[in-house]
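Asker: A single structure is presented below for examination.
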Amino acid sequence: MIWNFIKDILAPKKCYSCNKHWRFLCEECFNKQNNCEVFCYICKKHSPEFNIHKKCLIENKLMSWKNFNWLKVYFDKVLVLTHYSNSIIKKLITHFKFFWKKEIWEELSKHLSKVLIKNSPWLINKNTIILPVPMFFIRKILRGYNQSDILAKNVALNSWIYYNKYVLKRGRHTRQQSKLSQEDRTENLKNAFKINKKHLDKIDKRTIILVDDVISTGSTVNEIAKLLKQNGAKKVIVLCLASN
Ligand SMILES: [Zn+2]
Ligand SMILES: [Zn+2]
């Protein structure tokens, strides 16, 4: 009780942008934030529906991320609500990662659903499945929840898409990718994720929407997308709040 009271004082529920309204990001301010151009995550140039350009996806074509290894891209598009340089969203995400407030993720998921529905309404069908990026269980115990899971579950509810949090597993703890050197990044993700074999039929020939809060280097979602495609997934779409 007292803890909740303290949390409310430290992180009160008011719009982070205009200071009014009884929400973390009011409708009006969300509309102002959600003005990011549709672009291809790899080359950052304009692309309809946030699709990765064919030329950026060509099989065996190696690509370079800023300060990163040469890699093949396994995801087909990255749908984002906003750019991470956007101060309001960045403030909301970083602030609430440390205040154990589930509510913020529930609220942001409503905005995220709108991004999905607005940009790729054709994804809403029974051949699509929403999966959260899994969190290592010790981290989940420490935080009390996995924010990607809250986002994924609520986007699924809002858009009537099938959702499953048991398909992907995180086998071990991984360090934050952006803080690692080139070689360490590849090593850090090696066998970090696994597919629960009992649920293989859930991804076979299906389009997967992989949900995470932020995408930075892209290496984590790429590793998962690779695993999903090796196990029969048709397409992998990444849906997240912010990207760099
Ligand atoms: Zn506002
Ligand atoms: Zn491109």
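Chain labels run A, B, ... following the order of the structure tokens; each chain numbers its residues from 1, and ligands are numbered from 1 in the order shown.
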For the alpha helix (DSSP H) assignment from backbone DSSP, which residues of range 63-211 of chain A qualify? Please present them as a ChimeraX atom specification.
Answerer: /A:87-97,102-119,137-143,147-159,182-189,200-203
Asker: At a cut-off of 10 Å around ligand 2, and using only C-alpha atoms and all ligand atoms, what residues come up? Please write them as a list in words.
Answerer: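 If we count only C-alpha atoms and all ligand atoms, the neighbours of ligand 2 turn out to be Phe39, Cys40, Tyr41, Ile42, Cys43, Lys44, Lys45, His46, Ser47, Phe50, Asn51, Ile52, His53, Lys54, Lys55, Cys56, Leu57 and Lys77 of chain A.
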Asker: If you keep C-alpha atoms, can you produce a file of those selected residues as a JSON list (two decimals), in the first residue's frame?
Answerer:
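Okay, selection23.json is ready:
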[["chain", "number", "residue", "atom", "x", "y", "z"],
["A", 39, "PHE", "CA", 10.68, 3.93, -43.47],
["A", 40, "CYS", "CA", 12.81, 0.82, -44.04],
["A", 41, "TYR", "CA", 14.64, -0.06, -40.83],
["A", 42, "ILE", "CA", 17.81, -1.09, -42.68],
["A", 43, "CYS", "CA", 18.48, 1.90, -44.92],
["A", 44, "LYS", "CA", 16.21, 4.39, -43.04],
["A", 45, "LYS", "CA", 14.76, 5.57, -46.34],
["A", 46, "HIS", "CA", 11.06, 5.90, -47.13],
["A", 47, "SER", "CA", 9.24, 2.59, -47.63],
["A", 50, "PHE", "CA", 7.58, 0.11, -43.06],
["A", 51, "ASN", "CA", 8.58, -2.80, -45.35],
["A", 52, "ILE", "CA", 12.25, -3.67, -45.60],
["A", 53, "HIS", "CA", 13.11, -2.93, -49.24],
["A", 54, "LYS", "CA", 13.64, -5.98, -51.43],
["A", 55, "LYS", "CA", 17.14, -4.76, -52.23],
["A", 56, "CYS", "CA", 17.86, -4.55, -48.49],
["A", 57, "LEU", "CA", 16.60, -8.12, -48.02],
["A", 77, "LYS", "CA", 9.41, -5.20, -41.65]]
Asker: Ligand 1: which residues are within 8 Å, counting only C-alpha atoms and all ligand atoms? Reply as a PDB file with N, CA and C atoms, in the first residue's frame.
Answerer:
ATOM      1  N   LYS A  14       0.104  11.369 -15.145  1.00  0.00           N
ATOM      2  CA  LYS A  14      -0.316  12.572 -15.877  1.00  0.00           C
ATOM      3  C   LYS A  14       0.432  12.554 -17.205  1.00  0.00           C
ATOM      4  N   CYS A  15      -0.121  13.244 -18.174  1.00  0.00           N
ATOM      5  CA  CYS A  15       0.477  13.174 -19.501  1.00  0.00           C
ATOM      6  C   CYS A  15       1.902  13.730 -19.471  1.00  0.00           C
ATOM      7  N   TYR A  16       2.848  12.917 -19.963  1.00  0.00           N
ATOM      8  CA  TYR A  16       4.258  13.307 -19.938  1.00  0.00           C
ATOM      9  C   TYR A  16       4.574  14.438 -20.896  1.00  0.00           C
ATOM     10  N   SER A  17       3.637  14.713 -21.779  1.00  0.00           N
ATOM     11  CA  SER A  17       3.912  15.747 -22.752  1.00  0.00           C
ATOM     12  C   SER A  17       3.267  17.078 -22.367  1.00  0.00           C
ATOM     13  N   CYS A  18       1.983  17.033 -21.968  1.00  0.00           N
ATOM     14  CA  CYS A  18       1.284  18.304 -21.704  1.00  0.00           C
ATOM     15  C   CYS A  18       0.960  18.508 -20.228  1.00  0.00           C
ATOM     16  N   ASN A  19       1.286  17.507 -19.405  1.00  0.00           N
ATOM     17  CA  ASN A  19       1.035  17.600 -17.962  1.00  0.00           C
ATOM     18  C   ASN A  19      -0.434  17.589 -17.564  1.00  0.00           C
ATOM     19  N   LYS A  20      -1.316  17.488 -18.546  1.00  0.00           N
ATOM     20  CA  LYS A  20      -2.744  17.457 -18.239  1.00  0.00           C
ATOM     21  C   LYS A  20      -3.250  16.014 -18.352  1.00  0.00           C
ATOM     22  N   HIS A  21      -4.497  15.809 -18.172  1.00  0.00           N
ATOM     23  CA  HIS A  21      -5.178  14.524 -18.375  1.00  0.00           C
ATOM     24  C   HIS A  21      -4.683  13.428 -17.422  1.00  0.00           C
ATOM     25  N   ARG A  23      -3.701  10.387 -17.916  1.00  0.00           N
ATOM     26  CA  ARG A  23      -3.067   9.309 -18.675  1.00  0.00           C
ATOM     27  C   ARG A  23      -1.580   9.625 -18.788  1.00  0.00           C
ATOM     28  N   PHE A  24      -0.769   8.611 -19.122  1.00  0.00           N
ATOM     29  CA  PHE A  24       0.669   8.854 -19.247  1.00  0.00           C
ATOM     30  C   PHE A  24       1.004   9.583 -20.556  1.00  0.00           C
ATOM     31  N   LEU A  25       0.212   9.277 -21.591  1.00  0.00           N
ATOM     32  CA  LEU A  25       0.378   9.990 -22.855  1.00  0.00           C
ATOM     33  C   LEU A  25      -1.024  10.144 -23.436  1.00  0.00           C
ATOM     34  N   CYS A  26      -1.541  11.370 -23.397  1.00  0.00           N
ATOM     35  CA  CYS A  26      -2.934  11.559 -23.814  1.00  0.00           C
ATOM     36  C   CYS A  26      -3.068  11.410 -25.331  1.00  0.00           C
ATOM     37  N   GLU A  27      -4.302  11.241 -25.767  1.00  0.00           N
ATOM     38  CA  GLU A  27      -4.618  11.009 -27.178  1.00  0.00           C
ATOM     39  C   GLU A  27      -4.040  12.115 -28.074  1.00  0.00           C
ATOM     40  N   GLU A  28      -4.249  13.314 -27.633  1.00  0.00           N
ATOM     41  CA  GLU A  28      -3.800  14.477 -28.402  1.00  0.00           C
ATOM     42  C   GLU A  28      -2.271  14.449 -28.584  1.00  0.00           C
ATOM     43  N   CYS A  29      -1.575  14.191 -27.497  1.00  0.00           N
ATOM     44  CA  CYS A  29      -0.111  14.178 -27.562  1.00  0.00           C
ATOM     45  C   CYS A  29       0.393  12.941 -28.306  1.00  0.00           C
ATOM     46  N   PHE A  30      -0.328  11.824 -28.192  1.00  0.00           N
ATOM     47  CA  PHE A  30       0.054  10.626 -28.951  1.00  0.00           C
ATOM     48  C   PHE A  30       0.027  10.942 -30.442  1.00  0.00           C
TER      49      PHE A  30
END
Asker: Just checking: using only C-alpha atoms, which residue out of A:Ser85, A:Thr207, A:Asn244, A:Asn222 ends up closest to Asn127 in chain A?
Answerer: A:Thr207
Asker: Please provide the set of residues having any atom within 9 Å of Phe137 in chain A, restricted to only C-alpha atoms, with same-chain residues fewer than 2 positions apart removed, written as a VMD selection string.
Answerer: chain A and resid 134 to 135 139 to 142 170 to 173
Asker: Create the file for the chosen residues now, containing C-alpha atoms and written as a PDB file, in the first residue's frame.
Answerer:
ATOM      1  CA  PRO A 134      11.013 -13.346 -24.033  1.00  0.00           C
ATOM      2  CA  MET A 135      12.852 -12.190 -20.937  1.00  0.00           C
ATOM      3  CA  ARG A 139      15.112 -10.746 -14.772  1.00  0.00           C
ATOM      4  CA  LYS A 140      11.381 -11.239 -14.960  1.00  0.00           C
ATOM      5  CA  ILE A 141      11.228 -12.164 -11.280  1.00  0.00           C
ATOM      6  CA  LEU A 142      13.267  -9.076 -10.378  1.00  0.00           C
ATOM      7  CA  ARG A 170      15.102 -17.216 -23.391  1.00  0.00           C
ATOM      8  CA  GLY A 171      17.584 -19.856 -22.341  1.00  0.00           C
ATOM      9  CA  ARG A 172      19.999 -17.626 -20.520  1.00  0.00           C
ATOM     10  CA  HIS A 173      20.752 -14.085 -19.526  1.00  0.00           C
TER      11      HIS A 173
END
Asker: Give the answer as one residue: which of A:Ile215, A:Ile2, A:Glu107, A:Lys229 has the shortest atom-to-atom distance to Val80 in chain A, using only C-alpha atoms?
Answerer: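 Comparing A:Ile215, A:Ile2, A:Glu107, A:Lys229 against Val80 in chain A, the winner is A:Ile215.
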Asker: Write out as a list in words which residues come within 7 Å of Ile209 in chain A when counting only C-alpha atoms, dropping same-chain ones fewer than 5 positions away.
Answerer: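 My list of contacting residues is Ile129, Ile130, Leu131, Val236, Ile237, Val238 and Leu239 of chain A.
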Asker: Tell me which of A:Asp149, A:Glu37, A:Glu223, A:Asp213 sits closest to Phe193 in chain A, counting only C-alpha atoms.
Answerer: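 Checking each of A:Asp149, A:Glu37, A:Glu223, A:Asp213 against Phe193 in chain A, counting only C-alpha atoms, the winner is A:Glu223.
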Asker: Which residue out of A:Leu79, A:Val214, A:Ala233, A:Ala156 has the minimum interatomic distance to Cys36 in chain A when only C-alpha atoms are used?
Answerer: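 Ranked by minimum distance to Cys36 in chain A, first place goes to A:Leu79.
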Asker: Name all residues at most 12 Å from Ile208 in chain A (count only C-alpha atoms; drop same-chain ones fewer than 3 positions away) and give them as a PyMOL selection string.
Answerer: chain A and resi 74-78+123-133+152+156+161-164+167-168+202-205+211+221+224-229+231-239
Asker: Write a file of the just-selected residues containing C-alpha atoms, as a PDB file, in the first residue's frame.
Answerer:
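Result written to again19.pdb:
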ATOM      1  CA  TYR A  74      15.603 -12.227 -41.370  1.00  0.00           C
ATOM      2  CA  PHE A  75      12.715  -9.905 -40.482  1.00  0.00           C
ATOM      3  CA  ASP A  76      10.436  -8.480 -43.171  1.00  0.00           C
ATOM      4  CA  LYS A  77       9.405  -5.200 -41.647  1.00  0.00           C
ATOM      5  CA  VAL A  78       9.794  -3.132 -38.502  1.00  0.00           C
ATOM      6  CA  LEU A 123      -2.005  -8.647 -40.908  1.00  0.00           C
ATOM      7  CA  ILE A 124      -5.173  -9.044 -38.893  1.00  0.00           C
ATOM      8  CA  ASN A 125      -6.219 -12.569 -39.765  1.00  0.00           C
ATOM      9  CA  LYS A 126      -6.054 -16.070 -38.360  1.00  0.00           C
ATOM     10  CA  ASN A 127      -2.724 -16.859 -39.994  1.00  0.00           C
ATOM     11  CA  THR A 128      -0.955 -14.259 -37.905  1.00  0.00           C
ATOM     12  CA  ILE A 129       0.325 -14.834 -34.380  1.00  0.00           C
ATOM     13  CA  ILE A 130       1.742 -12.313 -31.895  1.00  0.00           C
ATOM     14  CA  LEU A 131       4.764 -13.327 -29.801  1.00  0.00           C
ATOM     15  CA  PRO A 132       6.602 -11.262 -27.173  1.00  0.00           C
ATOM     16  CA  VAL A 133      10.403 -11.114 -27.062  1.00  0.00           C
ATOM     17  CA  ALA A 152       2.116  -8.138 -26.994  1.00  0.00           C
ATOM     18  CA  ALA A 156      -3.388  -9.014 -29.496  1.00  0.00           C
ATOM     19  CA  ILE A 161      -4.894 -11.582 -33.316  1.00  0.00           C
ATOM     20  CA  TYR A 162      -3.893 -14.924 -31.808  1.00  0.00           C
ATOM     21  CA  TYR A 163      -1.206 -14.572 -29.098  1.00  0.00           C
ATOM     22  CA  ASN A 164       1.110 -17.047 -27.378  1.00  0.00           C
ATOM     23  CA  VAL A 167       6.478 -20.366 -28.170  1.00  0.00           C
ATOM     24  CA  LEU A 168       9.766 -18.548 -27.500  1.00  0.00           C
ATOM     25  CA  LYS A 202       1.678 -22.381 -33.884  1.00  0.00           C
ATOM     26  CA  ILE A 203       4.334 -20.809 -36.123  1.00  0.00           C
ATOM     27  CA  ASP A 204       4.348 -23.167 -39.106  1.00  0.00           C
ATOM     28  CA  LYS A 205       3.538 -21.224 -42.330  1.00  0.00           C
ATOM     29  CA  VAL A 211       6.700  -7.413 -30.083  1.00  0.00           C
ATOM     30  CA  VAL A 221      15.034  -9.503 -33.085  1.00  0.00           C
ATOM     31  CA  ILE A 224      14.751 -14.555 -33.108  1.00  0.00           C
ATOM     32  CA  ALA A 225      13.478 -13.996 -36.664  1.00  0.00           C
ATOM     33  CA  LYS A 226      16.161 -16.378 -37.953  1.00  0.00           C
ATOM     34  CA  LEU A 227      15.089 -19.044 -35.463  1.00  0.00           C
ATOM     35  CA  LEU A 228      11.398 -18.581 -36.343  1.00  0.00           C
ATOM     36  CA  LYS A 229      12.050 -18.853 -40.093  1.00  0.00           C
ATOM     37  CA  ASN A 231      11.249 -23.461 -37.872  1.00  0.00           C
ATOM     38  CA  GLY A 232       8.690 -22.757 -40.579  1.00  0.00           C
ATOM     39  CA  ALA A 233       7.505 -19.167 -40.066  1.00  0.00           C
ATOM     40  CA  LYS A 234       6.494 -17.457 -43.310  1.00  0.00           C
ATOM     41  CA  LYS A 235       7.114 -13.830 -42.398  1.00  0.00           C
ATOM     42  CA  VAL A 236       8.409 -12.042 -39.326  1.00  0.00           C
ATOM     43  CA  ILE A 237       7.173  -8.539 -38.575  1.00  0.00           C
ATOM     44  CA  VAL A 238       8.690  -6.590 -35.693  1.00  0.00           C
ATOM     45  CA  LEU A 239       6.359  -4.217 -33.826  1.00  0.00           C
TER      46      LEU A 239
END
Asker: Mind giving me the straight-line distance from CA of Lys110 in chain A to CA of Ser243 in chain A in Å, one decimal?
Answerer: 17.9 Å
Asker: Could you state the separation of CA of Asn31 in chain A and CA of Ile88 in chain A in Å, given to one decimal place?
Answerer: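 Computed distance, CA of Asn31 in chain A to CA of Ile88 in chain A, equals 12.5 Å.
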Asker: Which is closest to Asn119 in chain A among A:Lys179, A:Asn158, A:Thr217, A:Val38, if we use only C-alpha atoms?
Answerer: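 Counting only C-alpha atoms, the residue closest to Asn119 in chain A is A:Val38.
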Asker: Near range 187-189 of chain A, within 6 Å and counting only C-alpha atoms, which residues show up once chain neighbours fewer than 3 positions away are dropped, as a PyMOL selection string?
Answerer: chain A and resi 174+184+192
Asker: With C-alpha atoms kept, could you save the residues just selected as a compact mmCIF listing (two decimals), in the first residue's frame?
Answerer:
# COMPACT_ATOMS: atom_id res chain seq x y z
CA THR A 174 22.17 -11.82 -22.26
CA ASP A 184 30.85 -9.95 -28.15
CA ALA A 192 20.15 -17.33 -26.27
